[in-house]
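The file protein_4.cif contains mmCIF, C-alpha atoms:
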```cif
data_run
#
loop_
_atom_site.label_atom_id
_atom_site.label_comp_id
_atom_site.auth_asym_id
_atom_site.auth_seq_id
_atom_site.Cartn_x
_atom_site.Cartn_y
_atom_site.Cartn_z
CA MET U 6 6.91 -24.36 6.81
CA GLU U 7 8.93 -21.55 8.28
CA LEU U 8 7.71 -17.99 8.64
CA ASN U 9 10.19 -16.65 6.08
CA GLU U 10 8.46 -18.75 3.43
CA PHE U 11 5.20 -16.90 4.02
CA LYS U 12 6.52 -13.65 2.58
CA ALA U 13 6.36 -14.65 -1.05
CA LYS U 14 4.92 -18.10 -1.45
CA LYS U 15 1.95 -17.87 0.85
CA TYR U 16 0.50 -14.54 -0.24
CA GLU U 17 1.41 -14.83 -3.89
CA ASN U 18 -2.17 -15.91 -4.71
CA ILE U 19 -3.62 -12.94 -2.81
CA ILE U 20 -1.56 -10.47 -4.80
CA SER U 21 -2.06 -12.21 -8.14
CA SER U 22 -5.85 -12.09 -7.70
CA MET U 23 -5.63 -8.36 -6.98
CA VAL U 24 -3.44 -7.73 -10.02
CA ASP U 25 -5.63 -9.89 -12.26
CA TYR U 26 -8.72 -7.97 -11.27
CA MET U 27 -6.96 -4.62 -11.65
CA ASN U 28 -5.89 -5.59 -15.17
CA TYR U 29 -9.31 -6.95 -16.14
CA ASP U 30 -10.22 -5.96 -19.66
CA ASP U 31 -13.52 -6.84 -21.28
CA GLU U 32 -13.38 -5.90 -24.91
CA ASP U 33 -17.18 -5.99 -25.07
CA GLU U 34 -17.46 -3.15 -22.55
CA GLU U 35 -17.74 0.35 -24.00
CA GLU U 36 -16.32 2.07 -20.93
CA ASP U 37 -12.88 1.43 -19.47
CA PHE U 38 -12.93 -0.78 -16.40
CA ASP U 39 -11.79 0.79 -13.11
CA CYS U 40 -11.28 -1.64 -10.25
CA GLY U 41 -11.06 1.18 -7.72
CA TYR U 42 -7.48 0.58 -6.62
CA THR U 43 -3.96 0.96 -7.99
CA GLN U 44 -0.67 -0.88 -7.99
CA ALA U 45 0.35 1.38 -5.10
CA ASP U 46 -2.52 -0.09 -3.04
CA ILE U 47 -1.32 -3.60 -3.85
CA ASP U 48 2.24 -2.65 -2.92
CA GLU U 49 1.00 -1.29 0.40
CA CYS U 50 -0.85 -4.55 1.03
CA CYS U 51 2.42 -6.42 0.43
CA ARG U 52 4.22 -4.12 2.86
CA ILE U 53 1.54 -4.75 5.51
CA LEU U 54 1.78 -8.52 5.07
CA ASP U 55 5.58 -8.40 5.16
CA ASN U 56 5.44 -6.39 8.39
CA TYR U 57 3.09 -8.96 9.89
CA ILE U 58 5.48 -11.80 9.11
CA ASP U 59 8.43 -9.74 10.38
CA GLU U 60 6.59 -9.15 13.67
CA LEU U 61 5.95 -12.88 14.03
CA ILE U 62 9.58 -13.70 13.23
CA ALA U 63 10.69 -11.22 15.89
CA LEU U 64 8.48 -13.04 18.40
CA SER U 65 9.88 -16.46 17.52
CA SER U 66 12.44 -16.45 20.31
CA ASN U 67 9.73 -15.92 22.93
CA PRO U 68 6.27 -16.40 21.41
CA SER U 69 3.17 -15.97 23.51
CA ALA U 70 -0.47 -16.16 22.49
CA GLY U 71 -0.99 -12.56 23.57
CA LYS U 72 1.88 -11.19 21.51
CA ILE U 73 0.93 -13.23 18.45
CA MET U 74 -2.68 -12.07 18.71
CA GLU U 75 -1.45 -8.47 18.98
CA SER U 76 0.33 -9.00 15.65
CA VAL U 77 -2.87 -10.46 14.18
CA ARG U 78 -4.79 -7.43 15.40
CA ASN U 79 -2.16 -5.08 13.95
CA VAL U 80 -2.27 -6.65 10.48
CA VAL U 81 -6.06 -6.69 10.38
CA LEU U 82 -6.31 -3.04 11.48
CA ALA U 83 -3.67 -2.02 8.91
CA LEU U 84 -5.61 -3.80 6.17
CA ASN U 85 -8.83 -2.15 7.40
CA LYS U 86 -7.17 1.25 7.05
CA LEU U 87 -5.88 0.39 3.59
CA THR U 88 -9.36 -0.58 2.43
CA GLU U 89 -11.16 2.46 3.86
CA ASN U 90 -11.00 4.19 0.47
CA SER U 91 -10.28 1.23 -1.78
CA PRO U 92 -12.14 -1.98 -2.64
CA LEU U 93 -8.83 -3.84 -2.66
CA ILE U 94 -10.05 -6.73 -0.53
CA GLU U 95 -13.16 -8.41 -1.84
CA THR U 96 -14.47 -11.91 -1.16
CA ASP U 97 -11.82 -13.66 -3.26
CA GLN U 98 -8.95 -11.89 -1.51
CA ARG U 99 -10.54 -12.39 1.92
CA GLU U 100 -10.73 -16.12 1.19
CA TYR U 101 -6.93 -16.09 0.81
CA LEU U 102 -6.03 -13.48 3.45
CA VAL U 103 -7.79 -14.97 6.46
CA PRO U 104 -6.17 -18.42 6.13
CA PHE U 105 -2.81 -16.73 5.43
CA ILE U 106 -3.03 -14.72 8.66
CA ILE U 107 -4.18 -17.75 10.66
CA GLU U 108 -1.55 -20.11 9.22
CA ALA U 109 1.24 -17.63 9.88
CA ALA U 110 0.03 -17.19 13.49
CA LYS U 111 -0.08 -20.97 13.93
CA THR U 112 3.43 -21.29 12.48
CA ALA U 113 4.57 -18.66 14.99
CA GLY U 114 3.20 -20.82 17.80
CA LEU U 115 -0.44 -19.84 18.29
CA GLU U 116 -2.73 -22.77 19.00
CA VAL U 117 -5.82 -22.35 16.85
CA LYS U 118 -8.59 -24.87 16.36
CA THR U 119 -9.25 -25.84 12.79
CA LEU U 120 -12.99 -25.27 12.86
CA PRO U 121 -14.38 -22.73 10.37
CA ASP U 122 -15.71 -20.48 13.14
CA ASP U 123 -12.26 -20.08 14.66
CA ASP U 124 -11.45 -17.01 12.58
CA ILE U 125 -8.99 -15.10 14.74
CA THR U 126 -9.32 -12.04 12.46
CA TYR U 127 -13.09 -11.66 12.73
CA GLU U 128 -13.12 -9.49 15.85
CA TRP U 129 -11.35 -6.60 14.06
CA ARG U 130 -11.92 -7.33 10.37
CA GLU U 131 -13.98 -4.89 8.30
CA TRP U 132 -13.29 -6.46 4.93
#
```

Exercise: express the given structure as structure tokens:
Amino acid sequence: MELNEFKAKKYENIISSMVDYMNYDDEDEEEDFDCGYTQADIDECCRILDNYIDELIALSSNPSAGKIMESVRNVVLALNKLTENSPLIETDQREYLVPFIIEAAKTAGLEVKTLPDDDITYEWREW
């Protein structure tokens, strides 16, 4: 898979889970449900993920582990900032986001082991 394919296909499930939760409606509930985030938050998440892929694409002519990891750090910190005041990323989204970030980094040329404890986002991740 090429990095360009990551922009829509690879994070489509992340975004759809956010939208589904935002639009949750339980008719048995007396009060309206508020997920705590808006479509603008989801759009910002898309922008952050697009920027991450764009950074990796820009590195493709001369990738290095250090530069790729800097991009990983940048995307994680941007997502941390986005979630400071919003519960946008919960367990379900994290389960999609972490592999997305790792797979994109691997596609860009980063050598990552496939063991579960090789989470290259963990060092900076607050979500």

Please evaluate the PyMOL selection byres ((chain U and resi 50) around 9) against the structure above and give the resulting residues as a short mmCIF file (atom, residue, chain, number, x, y, z; two decimals) with C-alpha atoms, keeping the file's coordinate frame.
```
data_model
loop_
_atom_site.label_atom_id
_atom_site.label_comp_id
_atom_site.auth_asym_id
_atom_site.auth_seq_id
_atom_site.Cartn_x
_atom_site.Cartn_y
_atom_site.Cartn_z
CA ILE U 20 -1.56 -10.47 -4.80
CA ALA U 45 0.35 1.38 -5.10
CA ASP U 46 -2.52 -0.09 -3.04
CA ILE U 47 -1.32 -3.60 -3.85
CA ASP U 48 2.24 -2.65 -2.92
CA GLU U 49 1.00 -1.29 0.40
CA CYS U 51 2.42 -6.42 0.43
CA ARG U 52 4.22 -4.12 2.86
CA ILE U 53 1.54 -4.75 5.51
CA LEU U 54 1.78 -8.52 5.07
CA ASP U 55 5.58 -8.40 5.16
CA ALA U 83 -3.67 -2.02 8.91
CA LEU U 84 -5.61 -3.80 6.17
CA LEU U 87 -5.88 0.39 3.59
CA LEU U 93 -8.83 -3.84 -2.66
#
```

(request) Kindly indicate which residue among U:Ala113, U:Glu10, U:Ile19, U:Trp129 lies nearest to Ser66 of chain U, using all atoms listed in the file for the distances. (result) U:Ala113

(request) Excluding Asp97 of chain U and residues on its chain fewer than 3 positions from it, collect all residues at most 9 Å away from it, counting all atoms listed in the file, and give them as a list in words. (result)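 Within the cut-off, the hits are Ile19, Ser22, Met23, Ile94, Glu100, Tyr101 and Leu102 of chain U.
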
(message) Between atom CA of Ser76 of chain U and atom CA of Asn9 of chain U, what is the distance in Å, rounded to a tenth?
(response)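 Separating atom CA of Ser76 of chain U from atom CA of Asn9 of chain U is a distance of 15.7 Å.
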
Draw an axis-aligned box over all listed atoms of segment 84-92 of chain U, pad each side with 6 Å, and write its centre and edge lengths in Å, one decimal, as AutoDock Vina command-line options.
```
--center_x -8.9 --center_y 0.2 --center_z 2.4 --size_x 18.5 --size_y 20.0 --size_z 22.0
```

(request) Go through U:Glu7, U:Val24, U:Ala110, U:Arg130 and flag the residue nearest Pro68 of chain U, using all atoms listed in the file for the distances. (result) U:Ala110

Since the input is missing atoms, can you rebuild N, CA and C atoms for segment 71-89 of chain U and write them as a compact mmCIF listing (two decimals), in the frame of the given file?
```txt
# COMPACT_ATOMS: atom_id res chain seq x y z
N GLY U 71 -0.62 -13.98 23.51
CA GLY U 71 -0.99 -12.56 23.57
C GLY U 71 -0.23 -11.72 22.56
N LYS U 72 1.06 -11.96 22.45
CA LYS U 72 1.88 -11.19 21.51
C LYS U 72 1.54 -11.55 20.06
N ILE U 73 1.31 -12.82 19.80
CA ILE U 73 0.93 -13.23 18.45
C ILE U 73 -0.41 -12.62 18.08
N MET U 74 -1.36 -12.66 18.99
CA MET U 74 -2.68 -12.07 18.71
C MET U 74 -2.59 -10.56 18.53
N GLU U 75 -1.66 -9.91 19.20
CA GLU U 75 -1.45 -8.47 18.98
C GLU U 75 -0.97 -8.23 17.54
N SER U 76 -0.12 -9.10 17.03
CA SER U 76 0.33 -9.00 15.65
C SER U 76 -0.82 -9.24 14.68
N VAL U 77 -1.68 -10.20 15.00
CA VAL U 77 -2.87 -10.46 14.18
C VAL U 77 -3.74 -9.21 14.15
N ARG U 78 -3.97 -8.65 15.31
CA ARG U 78 -4.79 -7.43 15.40
C ARG U 78 -4.16 -6.30 14.57
N ASN U 79 -2.85 -6.14 14.69
CA ASN U 79 -2.16 -5.08 13.95
C ASN U 79 -2.32 -5.23 12.44
N VAL U 80 -2.16 -6.45 11.93
CA VAL U 80 -2.27 -6.65 10.48
C VAL U 80 -3.69 -6.42 10.01
N VAL U 81 -4.67 -6.88 10.77
CA VAL U 81 -6.06 -6.69 10.38
C VAL U 81 -6.43 -5.20 10.38
N LEU U 82 -6.01 -4.48 11.42
CA LEU U 82 -6.31 -3.04 11.48
C LEU U 82 -5.61 -2.28 10.36
N ALA U 83 -4.39 -2.67 10.02
CA ALA U 83 -3.67 -2.02 8.91
C ALA U 83 -4.38 -2.28 7.59
N LEU U 84 -4.87 -3.48 7.39
CA LEU U 84 -5.61 -3.80 6.17
C LEU U 84 -6.96 -3.07 6.15
N ASN U 85 -7.58 -2.94 7.32
CA ASN U 85 -8.83 -2.15 7.40
C ASN U 85 -8.58 -0.72 6.93
N LYS U 86 -7.51 -0.14 7.42
CA LYS U 86 -7.17 1.25 7.05
C LYS U 86 -6.91 1.36 5.55
N LEU U 87 -6.18 0.40 5.02
CA LEU U 87 -5.88 0.39 3.59
C LEU U 87 -7.16 0.34 2.75
N THR U 88 -8.14 -0.40 3.22
CA THR U 88 -9.36 -0.58 2.43
C THR U 88 -10.45 0.45 2.72
N GLU U 89 -10.16 1.42 3.57
CA GLU U 89 -11.16 2.46 3.86
C GLU U 89 -11.61 3.17 2.59
```
